[in-house]
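**Q** I have a structure here, written as structure tokens, and I will follow up with some questions on it.
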4 protein chains.
Amino acid sequence: MNTKIGVIGLGGMGSGIASRLLDLGQRITVWNRTASAGDALVARGAARAATPAEAAASDGVVITMVANDAALESVTCGEHGFLDRLGPEGVHVSMSTVSVGLVRQLAERHAARGSHFIAAPVFGRPEAAAAGKLWVLQSGAPAAKARAKAVLEAIGQGVVDFGEAEEAAPVAKIAGNFMIASSVETMSEAFALLEKCGVDTHIWHDLMTRSLFAGVIHTNYGRFILDRAFSPPGFKLALGAKDVSLALATAQERQVPMPFASVLGDRFLASLAQGRGELDWTAIAIAAANDAGLNR
Amino acid sequence: MNTKIGVIGLGGMGSGIASRLLDLGQRITVWNRTASAGDALVARGAARAATPAEAAASDGVVITMVANDAALESVTCGEHGFLDRLGPEGVHVSMSTVSVGLVRQLAERHAARGSHFIAAPVFGRPEAAAAGKLWVLQSGAPAAKARAKAVLEAIGQGVVDFGEAEEAAPVAKIAGNFMIASSVETMSEAFALLEKCGVDTHIWHDLMTRSLFAGVIHTNYGRFILDRAFSPPGFKLALGAKDVSLALATAQERQVPMPFASVLGDRFLASLAQGRGELDWTAIAIAAANDAGLNR
Amino acid sequence: MNTKIGVIGLGGMGSGIASRLLDLGQRITVWNRTASAGDALVARGAARAATPAEAAASDGVVITMVANDAALESVTCGEHGFLDRLGPEGVHVSMSTVSVGLVRQLAERHAARGSHFIAAPVFGRPEAAAAGKLWVLQSGAPAAKARAKAVLEAIGQGVVDFGEAEEAAPVAKIAGNFMIASSVETMSEAFALLEKCGVDTHIWHDLMTRSLFAGVIHTNYGRFILDRAFSPPGFKLALGAKDVSLALATAQERQVPMPFASVLGDRFLASLAQGRGELDWTAIAIAAANDAGLNR
Amino acid sequence: MNTKIGVIGLGGMGSGIASRLLDLGQRITVWNRTASAGDALVARGAARAATPAEAAASDGVVITMVANDAALESVTCGEHGFLDRLGPEGVHVSMSTVSVGLVRQLAERHAARGSHFIAAPVFGRPEAAAAGKLWVLQSGAPAAKARAKAVLEAIGQGVVDFGEAEEAAPVAKIAGNFMIASSVETMSEAFALLEKCGVDTHIWHDLMTRSLFAGVIHTNYGRFILDRAFSPPGFKLALGAKDVSLALATAQERQVPMPFASVLGDRFLASLAQGRGELDWTAIAIAAANDAGLNR
């Protein structure tokens, strides 16, 4: 890669990705709303941009990893956004989990200007990002993907292609996050039942994850719930709430009844209303326990 | 093992277990309501009992693997039941997924007669049973477990102990089956969403099970759903309905609200009402697809 | 009416009915597990029976109004039950809300002995019972209804016939109680929404019940919720929980998915688990408010 | 009233209101996207406007009764919208059920121009509108309400004030529609249960609405369901779906978990996905019946 890379949004995930790129000897320019989040990266050699626009080179790659639709729209199309900086050789790699509608809009805006755009949401926690072990989903035009290829392979252990329709990868990501949240709720209800029946939840969890549910979500998240390891958050409950509401919004647009997603939506609302938005999203487990009269 | 072993109930699971014991050179006596289900085992050397009682030796091990509460009560305590055949050296190993209430009752009845009892439900399909690869859960008195130990180790790749309260292992099993059914519903909703958004469900399922959900349930059952491999059933939907209703009954007794289990209860009822009880239980996926207007 | 009438079960409803019969100059014999509950009635001229059996005359009417299946089975078929006291001229009028299964059983037992049986559950609070203003539902054989006619008309403002199948009126009653509970949950959610939006809930409730929802349930129960008039209970939440679970059990037996009933089942379980079983059943409203972070 | 009145949106409700105003001898100007919808009114003396703007007099009252947010925004603020026609003596009376967000926006826009605005959603079917029997909810500034007073009293049997915050009446309306939809679902589930138990649903409905649920919704809508009177629609299912989604959106914004509303959301999505959007909204009952295997 000799590409110029801008990384916009330096939360846990964005910082992890930037750090990985530095490890590989790549030169990057970073920007974050609160500039101090970039200090460690700058200390390691990253350039600091004063605005999102400055983080973009006309023939470069711009990675965005920000909190929500509003932030993504602002860094891209806002007053200091980079949209008009990218030229016909530049590509915007949008990694945030945002609404399908915004993805479509950005795809159109880039197309209208002749610049490239792909959606490339990822699975993985910040540690995985820093280690280049993310799972990357991508969708967009072949020419855009070609421009992003080297970068995505550098940060991921796998890049999975969902075709040309830009919104495909975001929908796949949203469905994946629904599956994670659903697994958390499932384990929460099971733990509440077992606890009230006097069954050892650790032994049960250990059995289930050694046998039928050996994946990392059940293994790790189940343990977080049992250990009440909700703070500091790996992924904030308030962000999880956003992702479930993206699933519900897409389901509504496409007329797909999703009763589990609806239950999850209410769980997240209750968790927010009761002040748990800053905990890890596995803390939705507290609701199932409270409902069962388990005051932990 | 020089123990005399009776195997009562020769559906897929019971037959698999009996076959495994024959493979190990163990002499067994088998009984099934419809006798012909035992023909293959008898051809391989198993003795055939004319009644459940005849399948039991006073100092032997009796394994029961039958469809539901009524069947278990009948083979144990009915007119030709084996309850009074077991002596102080005999042990009843109950492997069926039945209600917590019946398990308590059987434990008391055996105790009153001086015979032993453990609950030992299992995870695994018939092929796993035949290969000695089941996951065995057990609960009951130490003396009873000691008598069952060799047999359980012969049929399982692992025996997990849930303590002395006989109902503990059945509750753990019920919670496990809830988790399986919940995973099926989750994938069904996700598939419906993805399909209506035009996202390739096979690519998505492959990604999810290579990354976050690598366990066998998500891998295998997800594929069954995608391939509509609902018949012949590995585990009948009508039996899955029973298991979810056991979870709900236990939840009600212990006052544990379980909104996901409630949704599942309704899914299974709809599936039964619409005539899908004889399909594999992954066929509850048809409901989510139908609700989304996907007439497959 | 010159009939001999026994009234078994002297909670609010049973006492109200007995009082009404005394008002009409009818001679009655009463029984209650805790005898003191009958003191006021005895002071007004009622005879007191020492056992359920003594409350029954062989050619009389026996009204049962007790808490649940177990109580009804005990007063009818238990050691001192009245089952064998009723002769071919006698009729058992079962007014309790109990399971469909028990109703069928009692119908069969009476039939086997040549005595009569009808199910006659009622709608109305204790004050309505005392004023002869209950709504009475009945089902059973014509000959049995003929024997109960005068009594039912004396206590009700209307007697509605659901035909000959004894379980019909109980199912109709269970469905009615489901409708009441569902209305309570609906108003609870609406109130929570309005309150968090700063809309005056009293004005709203007044409008709704003057316009579209003028019935007594919405009018009165809505006011109970707004006034938090949960104690003393008019009808205990624990009894409401039983009625919803009867609806769910019937729905399961007949394969009828009822997602609202499932939500209600979980609401009642949460309310019981959190210690609100002795409040009025409108107190399930507390759950919706708590979930919304409204700590009232 | 000597006020000049414009009526924009001539569906069933808008036409009914316009007709009522003509009955009272009021001069009105009407506009509808499809002009022919106004023919009958014009024949009776109404003036026809070529654009929404033309329907407004600077010191008049403009009533809008259109299908959704987009339509309301278009007639008000679009190219031919009337927003800039209203002067400091003019008032916009918004009667459509639209999102809280749009109501806030319109309130601000009018305020910025010095014109008046109130939200005045209504309960009632077209016949009630034509008869001046609507229930009118209103919210907005006192000066705005004063200007709309005579008109609202002319079309309603009652005008209920929800205070100064413009969004209050819309939220109250949304909560009311949620209550209607919830009653429909409740009756649908009860009917399915009763039918599968062989209980006469007409007798049951008649009893319930003579006793505990005497309001018009339960009386009339219950009968629609029993008679399958789903077409022609009194209120289209697709519009009901919009209203439930408005309730869910408001609930999400304010963090109010509403499990019944969530179930309703899924019911409406299933009904739309299966092609029932043009039926009356009581046709969501078909879903409960289908789920129970009742193929009517």
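A note on labels: chains of the structure tokens are A, B, ... as shown, every chain counts residues from 1, and ligands are counted from 1 in their shown order.
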Need the shell around range 41-48 of chain B: protein/DNA/RNA residues with any atom at most 8 Å away, counting only C-alpha atoms. Skip same-chain ones fewer than 3 positions apart. Format as a PyMOL selection string?
**A** chain B and resi 15+18-19+22+27-31+38+55
**Q** Do me a favour and pick out the residues of chain D within 6 Å of chain B, using only C-alpha atoms, as a list in words.
**A**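 On the chain D side, the interface is Ala270, Ala273, Gln274, Asp291, Ala292 and Gly293 of chain D.
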**Q** Take the residues from that selection and put them in a file with N, CA, C and O atoms, as a CSV table (one decimal), in the first residue's frame.
**A**
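Result file out.csv:
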```csv
chain,number,residue,atom,x,y,z
D,270,ALA,N,-46.9,-8.0,9.1
D,270,ALA,CA,-47.3,-9.2,8.5
D,270,ALA,C,-48.5,-9.0,7.6
D,270,ALA,O,-48.6,-9.5,6.5
D,273,ALA,N,-47.3,-7.3,4.5
D,273,ALA,CA,-46.4,-8.2,3.7
D,273,ALA,C,-47.3,-9.2,3.0
D,273,ALA,O,-46.9,-9.7,1.9
D,274,GLN,N,-48.4,-9.6,3.6
D,274,GLN,CA,-49.3,-10.6,3.0
D,274,GLN,C,-50.4,-10.0,2.2
D,274,GLN,O,-51.3,-10.6,1.8
D,291,ASP,N,-52.8,-17.8,12.3
D,291,ASP,CA,-51.8,-18.4,13.2
D,291,ASP,C,-52.4,-19.6,13.9
D,291,ASP,O,-51.7,-20.5,14.3
D,292,ALA,N,-53.7,-19.5,14.2
D,292,ALA,CA,-54.4,-20.6,14.9
D,292,ALA,C,-54.9,-21.7,14.0
D,292,ALA,O,-55.6,-22.6,14.4
D,293,GLY,N,-54.5,-21.5,12.7
D,293,GLY,CA,-54.9,-22.6,11.7
D,293,GLY,C,-56.4,-22.5,11.3
D,293,GLY,O,-56.9,-23.4,10.7
```
**Q** Give the helix (DSSP H, G or I) residues of range 142-256 of chain C, as assigned by DSSP on the backbone, as a ChimeraX atom specification.
**A** /C:142-155,168-196,201-210,216-226,237-254
**Q** If we count only C-alpha atoms, what is near Ser94 in chain C at a cut-off of 9 Å, once residues fewer than 5 positions away on the same chain are taken out, given as a count of residues only?
**A** 11
**Q** Do you have the CA of Ile225 in chain C-CA of Ala168 in chain D distance handy?
**A**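 Taking CA of Ile225 in chain C and CA of Ala168 in chain D, their separation equals 20.9 Å.
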**Q** Give the strand (DSSP E) residues of range 4-251 of chain A, as assigned by DSSP on the backbone, as JSON, numbers by chain.
**A** {"A": [5, 6, 7, 8, 28, 29, 30, 31, 47, 48, 61, 62, 63, 64, 91, 92, 93, 94, 116, 117, 118, 119, 122, 123, 134, 135, 136, 137, 138, 139, 140, 156, 157, 158, 159, 160, 161]}
**Q** Which residues come within 9 Å of Pro126 in chain B, counting only C-alpha atoms, excluding same-chain residues fewer than 4 positions away, as an MDAnalysis selection string?
**A** chainID B and resid 11:17 130:131 134 234
**Q** Can you tell me which residues surround Leu102 in chain B at a distance of at most 10 Å, considering only C-alpha atoms, apart from same-chain residues fewer than 2 positions away, and format the answer as a PyMOL selection string?
**A** chain B and resi 69-70+72-73+98-100+104-108+167
**Q** Looking at C:Leu237, C:Val184, C:Ala50, C:Val199, which one is nearest to His80 in chain C, with distances taken over only C-alpha atoms?
**A** C:Ala50
**Q** Extract, using only C-alpha atoms, all DNA, RNA and protein residues at most 10 Å from range 238-241 of chain B, discarding same-chain residues fewer than 3 positions from it, and format them as a count of residues only.
**A** 30
**Q** Can you tell me which residues surround Met208 in chain A at a distance of at most 12 Å, considering only C-alpha atoms, apart from same-chain residues fewer than 4 positions away, and format the answer as a CSV table (one decimal) with all heavy atoms, in the first residue's frame?
**A**
```
chain,number,residue,atom,x,y,z
A,187,MET,N,-29.4,-15.9,26.6
A,187,MET,CA,-28.6,-16.4,27.8
A,187,MET,C,-29.2,-15.7,29.0
A,187,MET,O,-29.2,-16.4,30.1
A,187,MET,CB,-27.2,-16.1,27.5
A,187,MET,CG,-26.5,-17.0,26.5
A,187,MET,SD,-24.7,-16.9,26.4
A,187,MET,CE,-24.5,-15.3,25.6
A,190,ALA,N,-32.2,-17.6,30.1
A,190,ALA,CA,-31.8,-18.9,30.6
A,190,ALA,C,-31.2,-18.8,32.0
A,190,ALA,O,-31.5,-19.6,32.9
A,190,ALA,CB,-30.9,-19.6,29.6
A,201,THR,N,-25.2,-21.8,37.2
A,201,THR,CA,-25.2,-21.2,35.9
A,201,THR,C,-23.8,-21.3,35.3
A,201,THR,O,-23.7,-21.3,34.0
A,201,THR,CB,-25.6,-19.7,36.0
A,201,THR,OG1,-24.9,-19.1,37.0
A,201,THR,CG2,-27.1,-19.6,36.2
A,202,HIS,N,-22.7,-21.3,36.1
A,202,HIS,CA,-21.4,-21.4,35.5
A,202,HIS,C,-21.2,-22.8,34.9
A,202,HIS,O,-20.6,-22.9,33.8
A,202,HIS,CB,-20.3,-21.1,36.6
A,202,HIS,CG,-20.2,-19.7,36.9
A,202,HIS,ND1,-21.0,-19.1,37.8
A,202,HIS,CD2,-19.4,-18.7,36.4
A,202,HIS,CE1,-20.7,-17.8,37.9
A,202,HIS,NE2,-19.7,-17.5,37.0
A,203,ILE,N,-21.6,-23.8,35.6
A,203,ILE,CA,-21.5,-25.2,35.0
A,203,ILE,C,-22.3,-25.3,33.7
A,203,ILE,O,-21.8,-25.9,32.7
A,203,ILE,CB,-21.9,-26.2,36.1
A,203,ILE,CG1,-21.0,-26.2,37.3
A,203,ILE,CG2,-22.0,-27.6,35.4
A,203,ILE,CD1,-21.4,-27.2,38.4
A,204,TRP,N,-23.5,-24.7,33.8
A,204,TRP,CA,-24.3,-24.8,32.6
A,204,TRP,C,-23.7,-24.1,31.4
A,204,TRP,O,-23.6,-24.6,30.3
A,204,TRP,CB,-25.7,-24.2,32.9
A,204,TRP,CG,-26.7,-24.3,31.8
A,204,TRP,CD1,-27.5,-25.4,31.5
A,204,TRP,CD2,-27.0,-23.3,30.9
A,204,TRP,NE1,-28.3,-25.1,30.4
A,204,TRP,CE2,-28.0,-23.8,30.0
A,204,TRP,CE3,-26.6,-22.0,30.7
A,204,TRP,CZ2,-28.6,-23.1,28.9
A,204,TRP,CZ3,-27.2,-21.2,29.6
A,204,TRP,CH2,-28.1,-21.8,28.8
A,212,LEU,N,-22.6,-27.3,22.3
A,212,LEU,CA,-23.4,-26.8,21.1
A,212,LEU,C,-23.2,-25.4,20.7
A,212,LEU,O,-23.5,-25.0,19.6
A,212,LEU,CB,-24.9,-27.0,21.5
A,212,LEU,CG,-25.3,-28.4,21.9
A,212,LEU,CD1,-26.8,-28.4,22.2
A,212,LEU,CD2,-25.0,-29.4,20.9
A,213,PHE,N,-22.7,-24.5,21.6
A,213,PHE,CA,-22.6,-23.1,21.3
A,213,PHE,C,-21.1,-22.7,21.5
A,213,PHE,O,-20.8,-21.8,22.4
A,213,PHE,CB,-23.5,-22.3,22.2
A,213,PHE,CG,-25.0,-22.6,21.9
A,213,PHE,CD1,-25.7,-23.6,22.5
A,213,PHE,CD2,-25.6,-21.9,20.9
A,213,PHE,CE1,-27.0,-23.9,22.2
A,213,PHE,CE2,-26.9,-22.1,20.6
A,213,PHE,CZ,-27.6,-23.1,21.2
A,214,ALA,N,-20.2,-23.2,20.7
A,214,ALA,CA,-18.8,-23.0,21.0
A,214,ALA,C,-18.3,-21.7,20.4
A,214,ALA,O,-17.1,-21.4,20.6
A,214,ALA,CB,-18.0,-24.2,20.4
A,215,GLY,N,-19.1,-20.9,19.8
A,215,GLY,CA,-18.7,-19.7,19.2
A,215,GLY,C,-18.3,-18.6,20.2
A,215,GLY,O,-18.6,-18.7,21.4
A,218,HIS,N,-21.2,-16.6,22.4
A,218,HIS,CA,-21.8,-17.3,23.6
A,218,HIS,C,-20.7,-17.5,24.7
A,218,HIS,O,-21.0,-17.4,25.8
A,218,HIS,CB,-22.4,-18.6,23.1
A,218,HIS,CG,-23.7,-18.4,22.4
A,218,HIS,ND1,-23.7,-18.3,21.0
A,218,HIS,CD2,-25.0,-18.3,22.8
A,218,HIS,CE1,-25.0,-18.1,20.7
A,218,HIS,NE2,-25.8,-18.1,21.7
A,219,THR,N,-19.5,-17.8,24.2
A,219,THR,CA,-18.5,-18.1,25.2
A,219,THR,C,-18.1,-16.8,26.0
A,219,THR,O,-18.2,-16.7,27.2
A,219,THR,CB,-17.2,-18.6,24.5
A,219,THR,OG1,-17.6,-19.8,23.8
A,219,THR,CG2,-16.1,-18.9,25.5
A,222,GLY,N,-21.5,-14.6,27.4
A,222,GLY,CA,-22.1,-15.3,28.5
A,222,GLY,C,-21.3,-15.1,29.8
A,222,GLY,O,-21.9,-14.9,30.8
A,223,ARG,N,-20.0,-15.2,29.6
A,223,ARG,CA,-19.1,-15.0,30.8
A,223,ARG,C,-19.3,-13.5,31.3
A,223,ARG,O,-19.3,-13.3,32.5
A,223,ARG,CB,-17.7,-15.3,30.4
A,223,ARG,CG,-16.9,-15.7,31.6
A,223,ARG,CD,-15.5,-16.3,31.2
A,223,ARG,NE,-15.6,-17.5,30.5
A,223,ARG,CZ,-14.9,-17.9,29.4
A,223,ARG,NH1,-14.0,-17.0,28.9
A,223,ARG,NH2,-15.1,-19.0,28.9
B,122,VAL,N,-29.7,-35.7,27.8
B,122,VAL,CA,-28.5,-35.6,26.9
B,122,VAL,C,-28.7,-34.6,25.8
B,122,VAL,O,-29.8,-34.3,25.5
B,122,VAL,CB,-28.2,-37.0,26.3
B,122,VAL,CG1,-27.9,-38.0,27.3
B,122,VAL,CG2,-29.4,-37.5,25.4
B,123,PHE,N,-27.6,-34.1,25.3
B,123,PHE,CA,-27.6,-33.3,24.1
B,123,PHE,C,-27.0,-34.1,23.0
B,123,PHE,O,-26.0,-34.7,23.2
B,123,PHE,CB,-26.8,-32.0,24.3
B,123,PHE,CG,-27.6,-30.9,25.1
B,123,PHE,CD1,-27.0,-30.5,26.3
B,123,PHE,CD2,-28.8,-30.4,24.7
B,123,PHE,CE1,-27.7,-29.5,27.1
B,123,PHE,CE2,-29.4,-29.4,25.4
B,123,PHE,CZ,-28.9,-29.0,26.6
B,124,GLY,N,-27.5,-34.0,21.8
B,124,GLY,CA,-27.0,-34.8,20.7
B,124,GLY,C,-28.1,-35.4,19.9
B,124,GLY,O,-29.1,-35.7,20.4
B,135,TRP,N,-23.5,-35.5,24.9
B,135,TRP,CA,-23.2,-34.7,26.1
B,135,TRP,C,-24.2,-35.1,27.2
B,135,TRP,O,-25.4,-34.9,26.9
B,135,TRP,CB,-23.2,-33.2,25.8
B,135,TRP,CG,-22.1,-32.8,25.0
B,135,TRP,CD1,-22.1,-32.7,23.6
B,135,TRP,CD2,-20.8,-32.4,25.5
B,135,TRP,NE1,-20.8,-32.3,23.2
B,135,TRP,CE2,-20.0,-32.1,24.3
B,135,TRP,CE3,-20.2,-32.3,26.7
B,135,TRP,CZ2,-18.7,-31.7,24.4
B,135,TRP,CZ3,-18.9,-31.9,26.8
B,135,TRP,CH2,-18.1,-31.6,25.7
B,136,VAL,N,-23.8,-35.6,28.3
B,136,VAL,CA,-24.7,-36.1,29.3
B,136,VAL,C,-24.7,-35.2,30.5
B,136,VAL,O,-23.7,-34.8,31.0
B,136,VAL,CB,-24.3,-37.5,29.8
B,136,VAL,CG1,-25.3,-38.1,30.8
B,136,VAL,CG2,-24.1,-38.5,28.6
B,137,LEU,N,-25.9,-34.8,30.9
B,137,LEU,CA,-26.1,-34.0,32.1
B,137,LEU,C,-26.6,-35.0,33.2
B,137,LEU,O,-27.5,-35.8,32.9
B,137,LEU,CB,-27.1,-32.9,31.9
B,137,LEU,CG,-26.8,-31.8,30.9
B,137,LEU,CD1,-26.7,-32.3,29.4
B,137,LEU,CD2,-27.9,-30.7,30.9
B,158,GLY,N,-18.8,-36.6,27.3
B,158,GLY,CA,-18.6,-35.8,28.6
B,158,GLY,C,-19.8,-36.0,29.4
B,158,GLY,O,-21.0,-36.1,29.0
B,160,VAL,N,-21.6,-34.1,32.7
B,160,VAL,CA,-21.5,-32.9,33.5
B,160,VAL,C,-22.5,-33.0,34.6
B,160,VAL,O,-23.7,-33.3,34.5
B,160,VAL,CB,-21.9,-31.7,32.6
B,160,VAL,CG1,-21.8,-30.4,33.5
B,160,VAL,CG2,-20.9,-31.6,31.5
B,172,ALA,N,-31.6,-27.9,33.4
B,172,ALA,CA,-30.4,-27.5,32.6
B,172,ALA,C,-30.7,-27.9,31.1
B,172,ALA,O,-30.4,-27.1,30.2
B,172,ALA,CB,-29.1,-28.1,33.1
B,173,LYS,N,-31.2,-29.1,31.0
B,173,LYS,CA,-31.5,-29.5,29.6
B,173,LYS,C,-32.6,-28.7,29.0
B,173,LYS,O,-32.5,-28.3,27.8
B,173,LYS,CB,-32.0,-31.0,29.7
B,173,LYS,CG,-32.7,-31.5,28.5
B,173,LYS,CD,-31.8,-31.8,27.3
B,173,LYS,CE,-32.6,-32.4,26.2
B,173,LYS,NZ,-31.8,-32.5,24.9
B,175,ALA,N,-33.4,-25.6,29.6
B,175,ALA,CA,-32.8,-24.3,29.3
B,175,ALA,C,-31.9,-24.4,28.1
B,175,ALA,O,-31.9,-23.5,27.2
B,175,ALA,CB,-31.9,-23.8,30.5
B,176,GLY,N,-31.2,-25.5,27.9
B,176,GLY,CA,-30.4,-25.7,26.7
B,176,GLY,C,-31.3,-25.8,25.4
B,176,GLY,O,-31.0,-25.2,24.4
B,177,ASN,N,-32.4,-26.5,25.5
B,177,ASN,CA,-33.2,-26.6,24.4
B,177,ASN,C,-33.9,-25.3,24.0
B,177,ASN,O,-34.1,-25.0,22.9
B,177,ASN,CB,-34.3,-27.7,24.6
B,177,ASN,CG,-33.8,-29.1,24.2
B,177,ASN,OD1,-32.6,-29.3,24.0
B,177,ASN,ND2,-34.6,-30.1,24.1
B,178,PHE,N,-34.2,-24.5,25.1
B,178,PHE,CA,-34.7,-23.2,24.8
B,178,PHE,C,-33.7,-22.4,24.0
B,178,PHE,O,-34.0,-21.6,23.1
B,178,PHE,CB,-35.0,-22.5,26.2
B,178,PHE,CG,-35.0,-21.0,26.1
B,178,PHE,CD1,-35.9,-20.3,25.4
B,178,PHE,CD2,-34.0,-20.2,26.8
B,178,PHE,CE1,-35.9,-18.9,25.3
B,178,PHE,CE2,-34.0,-18.9,26.7
B,178,PHE,CZ,-34.9,-18.2,26.0
B,179,MET,N,-32.4,-22.5,24.4
B,179,MET,CA,-31.4,-21.8,23.7
B,179,MET,C,-31.3,-22.2,22.3
B,179,MET,O,-31.0,-21.4,21.4
B,179,MET,CB,-30.0,-22.0,24.4
B,179,MET,CG,-29.0,-21.0,24.1
B,179,MET,SD,-27.9,-20.7,25.5
B,179,MET,CE,-26.3,-21.0,24.8
B,180,ILE,N,-31.4,-23.5,22.0
B,180,ILE,CA,-31.4,-24.0,20.6
B,180,ILE,C,-32.6,-23.4,19.8
B,180,ILE,O,-32.4,-22.8,18.7
B,180,ILE,CB,-31.5,-25.5,20.5
B,180,ILE,CG1,-30.2,-26.1,21.2
B,180,ILE,CG2,-31.6,-26.0,19.1
B,180,ILE,CD1,-30.3,-27.6,21.4
B,215,GLY,N,-20.4,-22.4,16.7
B,215,GLY,CA,-20.9,-23.6,17.3
B,215,GLY,C,-21.7,-24.4,16.3
B,215,GLY,O,-22.1,-23.9,15.2
B,216,VAL,N,-22.0,-25.7,16.7
B,216,VAL,CA,-22.6,-26.6,15.8
B,216,VAL,C,-24.1,-26.2,15.5
B,216,VAL,O,-24.6,-26.5,14.4
B,216,VAL,CB,-22.6,-28.1,16.2
B,216,VAL,CG1,-21.1,-28.6,16.2
B,216,VAL,CG2,-23.2,-28.2,17.6
B,217,ILE,N,-24.8,-25.7,16.5
B,217,ILE,CA,-26.2,-25.3,16.3
B,217,ILE,C,-26.3,-24.3,15.2
B,217,ILE,O,-27.1,-24.5,14.3
B,217,ILE,CB,-26.8,-24.8,17.6
B,217,ILE,CG1,-26.9,-25.9,18.7
B,217,ILE,CG2,-28.2,-24.2,17.4
B,217,ILE,CD1,-27.7,-27.1,18.3
```
